[in-house]
Amino acid sequence: MEKVGILVVSYGARAVAMVDAFTRSLNYDVEIYVADKQRNPFNVKKAVKHVVIPDLNVDAICQFAETNKDKIDFGIVGPEKPIINGVRDLVEKRTGISLICPKKEYAIEASKVQQRLLFQKIVPEVNPRFKIFNPKEYKTLDYAKKAVYSWLDELDNKAVVKPDKPAAGKGVGVWGDHFTTREQLFEHFTANFQYGPVIIEEKIEGEESSFQTFCDGKHLVPLPETRDYKRAFDNDKGPNTGGMGSYKDVGDVLPFMANVDRAKEIEIVNKVFEKWKAADNEGLRGIPFYVAFIHTDKGPKILENNSRPGDPEIQNIVPILKEDFVDVCFKILEGNLTHIELEKAATVVTYKVPPNYGGYANTFPNLVKKYEIGKPVDLTKAYELTKKHGERIRVYPASMEVRNSETYALKSRAVCVVGIGEDIETARQVSLEGIKAIKGGALWHRTDIASKQHIEKSIRHMEELRRRKQ
Ligand code: GLY
């Protein structure tokens, strides 16, 4: 069997899902080289070489690639930070190893302002009403305040405040969630404004879907729709998180979507792609479009675009690829990925997270198993469920670390379980069974990911929005 060396830049379960897919290859003898944020228990076990780079800085990643360059055929990158910081440009230039992720120039996840302006040029209908406030254009904060308040008059206060750069200042703030007065909104705004431009856009109502697509530079291969659960607690309460779970239906669309909604999304993303492709194509390799769409009474709008796979959304897809993932990657690198085959299955991902994640411990102090805090997490029983479910269950550690042969949860989303089934409810039960089998560390999870009630609520909401549209 042909030997293939693959570099995986990893943070979180999305890269673990890729490592899993690579190491299940039936066509190749795969050797995995992982540049990881921490000693992820899954990656440590599967890799022939594993290095920890806590800040995932591109120089250290490049050095790891260079040291092993004779053994590595190509690489793939999961997390956004190294992509935004130009890991592909650097590694390809210094080592000649091709990476699957966009080049720095095409990583528009880096700037919310650039995203809005790009869409404005090509598909203006997907933008909500927005205004960019650039600190360079305002002599004093008072001038900025005047301009912000006058824009809030136009939006009737229902606004979302977004910093240009991810994770600058206080991050994204939403009217009704993070602030309920103009003063509070302006406080949120100034916390971001000190670092650079801030967008204030209208808050839009609708149902969200995540649209991801593989890209070989020449073709877009859209992946089925998934629904992410951003809020920390059941019934979509609590603060936004990285995503507490997600689901995918048997086909390409979600239960609350119509085929025309999907067709519209593909049309929108294709328009942007065609424009970019004309300038350069290889730079777009990877998943340059992971678009958070929101379906409104005025059609689909874009909340944001990311230049990498979604987490947990890519875990809904990779485990049900019918083709060998190594072959899929070779096609991406060769520019001949024109379609992709997936099993006809529903998938549900549920995350288990540490006690302080999403402010859970403060909100529900009585529900936290205090005696378990800081103790190891035992994944054995969850893995043993493969005896019952075979390949229909996947347990992917994320923000976890091996120390002296014990596994500990760190600060972020700790471990997810993917359930695969002939319908959403079957997949959900498998995912929940796995989640419940994970013991220790005072971890907790949302109980309503992909629940019938939640999905029916989305369907009713979408029906109401369609009625308003008529
Ligand atoms: N699920 C949200 C994200 O990957 O950004």
# chains A, B, ... in the order shown; residues from 1 in each chain; ligands from 1
$ residues_near_ligand --ligand "ligand 1" --cutoff "8 Å" --atoms "only C-alpha atoms and all ligand atoms" --output "PyMOL selection string"
chain A and resi 228-230+241-243+306+309-313
$ residues_around --residues "range 143-160 of chain A" --least-positions-apart "4" --cutoff "6 Å" --atoms "only C-alpha atoms" --output "count of residues only"
8
$ residues_around --residues "range 288-292 of chain A" --least-positions-apart "2" --cutoff "9 Å" --atoms "only C-alpha atoms" --output "PyMOL selection string"
chain A and resi 101-102+106-109+208-215+269+273+284-286+294+301-310
$ closest_residue --among "A:Arg14, A:Arg413, A:Lys112, A:Lys69" --to "Phe42 in chain A" --atoms "only C-alpha atoms"
A:Arg14
$ residues_around --residues "Tyr28 in chain A" --least-positions-apart "4" --cutoff "12 Å" --atoms "only C-alpha atoms" --output "JSON list (two decimals) with N, CA and C atoms, in the first residue's frame"
[["chain", "number", "residue", "atom", "x", "y", "z"],
["A", 1, "MET", "N", 0.84, -1.20, 0.00],
["A", 1, "MET", "CA", 0.00, 0.00, 0.00],
["A", 1, "MET", "C", 0.88, 1.25, 0.00],
["A", 2, "GLU", "N", 0.44, 2.25, -0.74],
["A", 2, "GLU", "CA", 1.21, 3.49, -0.82],
["A", 2, "GLU", "C", 1.26, 4.20, 0.53],
["A", 3, "LYS", "N", 2.45, 4.65, 0.90],
["A", 3, "LYS", "CA", 2.61, 5.36, 2.17],
["A", 3, "LYS", "C", 2.34, 6.85, 1.93],
["A", 4, "VAL", "N", 1.55, 7.48, 2.81],
["A", 4, "VAL", "CA", 1.28, 8.92, 2.68],
["A", 4, "VAL", "C", 1.49, 9.59, 4.03],
["A", 5, "GLY", "N", 2.29, 10.63, 4.04],
["A", 5, "GLY", "CA", 2.51, 11.41, 5.27],
["A", 5, "GLY", "C", 1.66, 12.66, 5.22],
["A", 6, "ILE", "N", 0.89, 12.90, 6.28],
["A", 6, "ILE", "CA", -0.02, 14.06, 6.29],
["A", 6, "ILE", "C", 0.22, 14.89, 7.54],
["A", 21, "ALA", "N", -10.60, 10.31, 10.05],
["A", 21, "ALA", "CA", -10.90, 9.92, 8.67],
["A", 21, "ALA", "C", -9.63, 9.46, 7.95],
["A", 22, "PHE", "N", -8.52, 10.16, 8.14],
["A", 22, "PHE", "CA", -7.27, 9.75, 7.47],
["A", 22, "PHE", "C", -6.83, 8.37, 7.92],
["A", 23, "THR", "N", -6.92, 8.14, 9.24],
["A", 23, "THR", "CA", -6.37, 6.88, 9.75],
["A", 23, "THR", "C", -7.31, 5.70, 9.49],
["A", 24, "ARG", "N", -8.51, 5.97, 8.99],
["A", 24, "ARG", "CA", -9.41, 4.89, 8.56],
["A", 24, "ARG", "C", -9.20, 4.57, 7.08],
["A", 32, "ILE", "N", 0.49, 10.18, 10.29],
["A", 32, "ILE", "CA", -0.02, 11.52, 10.63],
["A", 32, "ILE", "C", 1.03, 12.27, 11.46],
["A", 324, "ASP", "N", -12.56, 7.76, 0.29],
["A", 324, "ASP", "CA", -11.40, 7.84, 1.16],
["A", 324, "ASP", "C", -11.01, 9.32, 1.29],
["A", 325, "PHE", "N", -10.88, 9.80, 2.53],
["A", 325, "PHE", "CA", -10.59, 11.23, 2.73],
["A", 325, "PHE", "C", -9.22, 11.60, 2.13],
["A", 326, "VAL", "N", -8.29, 10.66, 2.09],
["A", 326, "VAL", "CA", -6.97, 10.95, 1.50],
["A", 326, "VAL", "C", -7.15, 11.22, 0.00],
["A", 327, "ASP", "N", -8.01, 10.43, -0.65],
["A", 327, "ASP", "CA", -8.26, 10.66, -2.08],
["A", 327, "ASP", "C", -8.95, 12.01, -2.31],
["A", 330, "PHE", "N", -6.26, 14.54, -2.16],
["A", 330, "PHE", "CA", -5.44, 14.56, -3.38],
["A", 330, "PHE", "C", -6.18, 15.27, -4.51]]
$ select_by_dssp --residues "range 108-335 of chain A" --states "strand (DSSP E or B)" --output "JSON, numbers by chain"
{"A": [130, 131, 132, 133, 159, 160, 161, 162, 163, 173, 174, 175, 179, 198, 199, 200, 201, 202, 207, 208, 209, 210, 211, 212, 213, 214, 215, 220, 221, 222, 226, 227, 228, 231, 232, 233, 237, 238, 239, 240, 245, 246, 247, 248, 286, 287, 288, 289, 290, 291, 292, 293, 294, 295, 296, 297, 299, 300, 301, 302, 303, 304, 305, 306, 321]}
$ atom_distance --atom1 "CA of Asn240 in chain A" --atom2 "CA of Ser111 in chain A"
19.7 Å
$ closest_residue --among "A:Asp59, A:Glu125, A:Asp249, A:Glu341" --to "Ile424 in chain A" --atoms "only C-alpha atoms"
A:Asp249
$ atom_distance --atom1 "CA of Val172 in chain A" --atom2 "CA of Phe119 in chain A"
19.4 Å
$ select_by_dssp --residues "range 43-217 of chain A" --states "alpha helix (DSSP H)" --output "PyMOL selection string"
chain A and resi 43-46+58-67+80-84+87-95+112-122+141-155+182-193
$ residues_around --residues "His50 in chain A" --least-positions-apart "6" --cutoff "9 Å" --atoms "only C-alpha atoms" --output "VMD selection string"
chain A and resid 32 to 36 39 43 to 44
$ residues_around --residues "Lys375 in chain A" --least-positions-apart "6" --cutoff "12 Å" --atoms "only C-alpha atoms" --output "MDAnalysis selection string"
chainID A and resid 354:355 369 403 406:410 439:443
$ write_last_selection --atoms "N, CA and C atoms" --output "PDB file, in the first residue's frame"
ATOM      1  N   PRO A 354     -16.622  22.039  29.947  1.00  0.00           N
ATOM      2  CA  PRO A 354     -16.259  22.164  31.366  1.00  0.00           C
ATOM      3  C   PRO A 354     -17.198  23.089  32.152  1.00  0.00           C
ATOM      4  N   PRO A 355     -17.142  23.018  33.487  1.00  0.00           N
ATOM      5  CA  PRO A 355     -18.141  23.704  34.321  1.00  0.00           C
ATOM      6  C   PRO A 355     -18.234  25.212  34.103  1.00  0.00           C
ATOM      7  N   LYS A 369     -21.242  19.352  39.514  1.00  0.00           N
ATOM      8  CA  LYS A 369     -20.719  18.315  40.431  1.00  0.00           C
ATOM      9  C   LYS A 369     -19.365  18.801  40.937  1.00  0.00           C
ATOM     10  N   ARG A 403      -2.240  13.874  30.575  1.00  0.00           N
ATOM     11  CA  ARG A 403      -1.157  14.132  31.543  1.00  0.00           C
ATOM     12  C   ARG A 403      -0.962  12.857  32.341  1.00  0.00           C
ATOM     13  N   GLU A 406      -3.576  10.151  32.241  1.00  0.00           N
ATOM     14  CA  GLU A 406      -4.976  10.512  32.522  1.00  0.00           C
ATOM     15  C   GLU A 406      -5.383  11.607  31.538  1.00  0.00           C
ATOM     16  N   THR A 407      -6.703  11.721  31.272  1.00  0.00           N
ATOM     17  CA  THR A 407      -7.196  12.749  30.345  1.00  0.00           C
ATOM     18  C   THR A 407      -7.952  13.820  31.124  1.00  0.00           C
ATOM     19  N   TYR A 408      -7.578  15.078  30.888  1.00  0.00           N
ATOM     20  CA  TYR A 408      -8.207  16.195  31.603  1.00  0.00           C
ATOM     21  C   TYR A 408      -8.870  17.147  30.613  1.00  0.00           C
ATOM     22  N   ALA A 409      -9.979  17.737  31.053  1.00  0.00           N
ATOM     23  CA  ALA A 409     -10.621  18.770  30.235  1.00  0.00           C
ATOM     24  C   ALA A 409      -9.937  20.098  30.525  1.00  0.00           C
ATOM     25  N   LEU A 410      -9.751  20.903  29.469  1.00  0.00           N
ATOM     26  CA  LEU A 410      -9.176  22.244  29.664  1.00  0.00           C
ATOM     27  C   LEU A 410     -10.334  23.241  29.714  1.00  0.00           C
ATOM     28  N   LYS A 439     -17.607  10.195  31.777  1.00  0.00           N
ATOM     29  CA  LYS A 439     -17.716  10.480  33.210  1.00  0.00           C
ATOM     30  C   LYS A 439     -16.555  11.361  33.679  1.00  0.00           C
ATOM     31  N   GLY A 440     -16.858  12.187  34.689  1.00  0.00           N
ATOM     32  CA  GLY A 440     -15.809  12.949  35.370  1.00  0.00           C
ATOM     33  C   GLY A 440     -15.616  14.356  34.851  1.00  0.00           C
ATOM     34  N   GLY A 441     -14.852  15.136  35.610  1.00  0.00           N
ATOM     35  CA  GLY A 441     -14.489  16.487  35.190  1.00  0.00           C
ATOM     36  C   GLY A 441     -15.606  17.504  35.307  1.00  0.00           C
ATOM     37  N   ALA A 442     -16.741  17.113  35.908  1.00  0.00           N
ATOM     38  CA  ALA A 442     -17.901  18.014  36.058  1.00  0.00           C
ATOM     39  C   ALA A 442     -18.345  18.594  34.714  1.00  0.00           C
ATOM     40  N   LEU A 443     -18.204  17.794  33.662  1.00  0.00           N
ATOM     41  CA  LEU A 443     -18.604  18.274  32.329  1.00  0.00           C
ATOM     42  C   LEU A 443     -20.132  18.271  32.215  1.00  0.00           C
TER      43      LEU A 443
END
$ residues_around --residues "Lys165 in chain A" --least-positions-apart "5" --cutoff "9 Å" --atoms "only C-alpha atoms" --output "ChimeraX atom specification"
/A:109-113,171,195-198
$ atom_distance --atom1 "CA of Val353 in chain A" --atom2 "CA of Thr226 in chain A"
20.6 Å
$ closest_residue --among "A:Asn57, A:Gln63, A:Thr95, A:Gln315" --to "Glu80 in chain A" --atoms "only C-alpha atoms"
A:Asn57
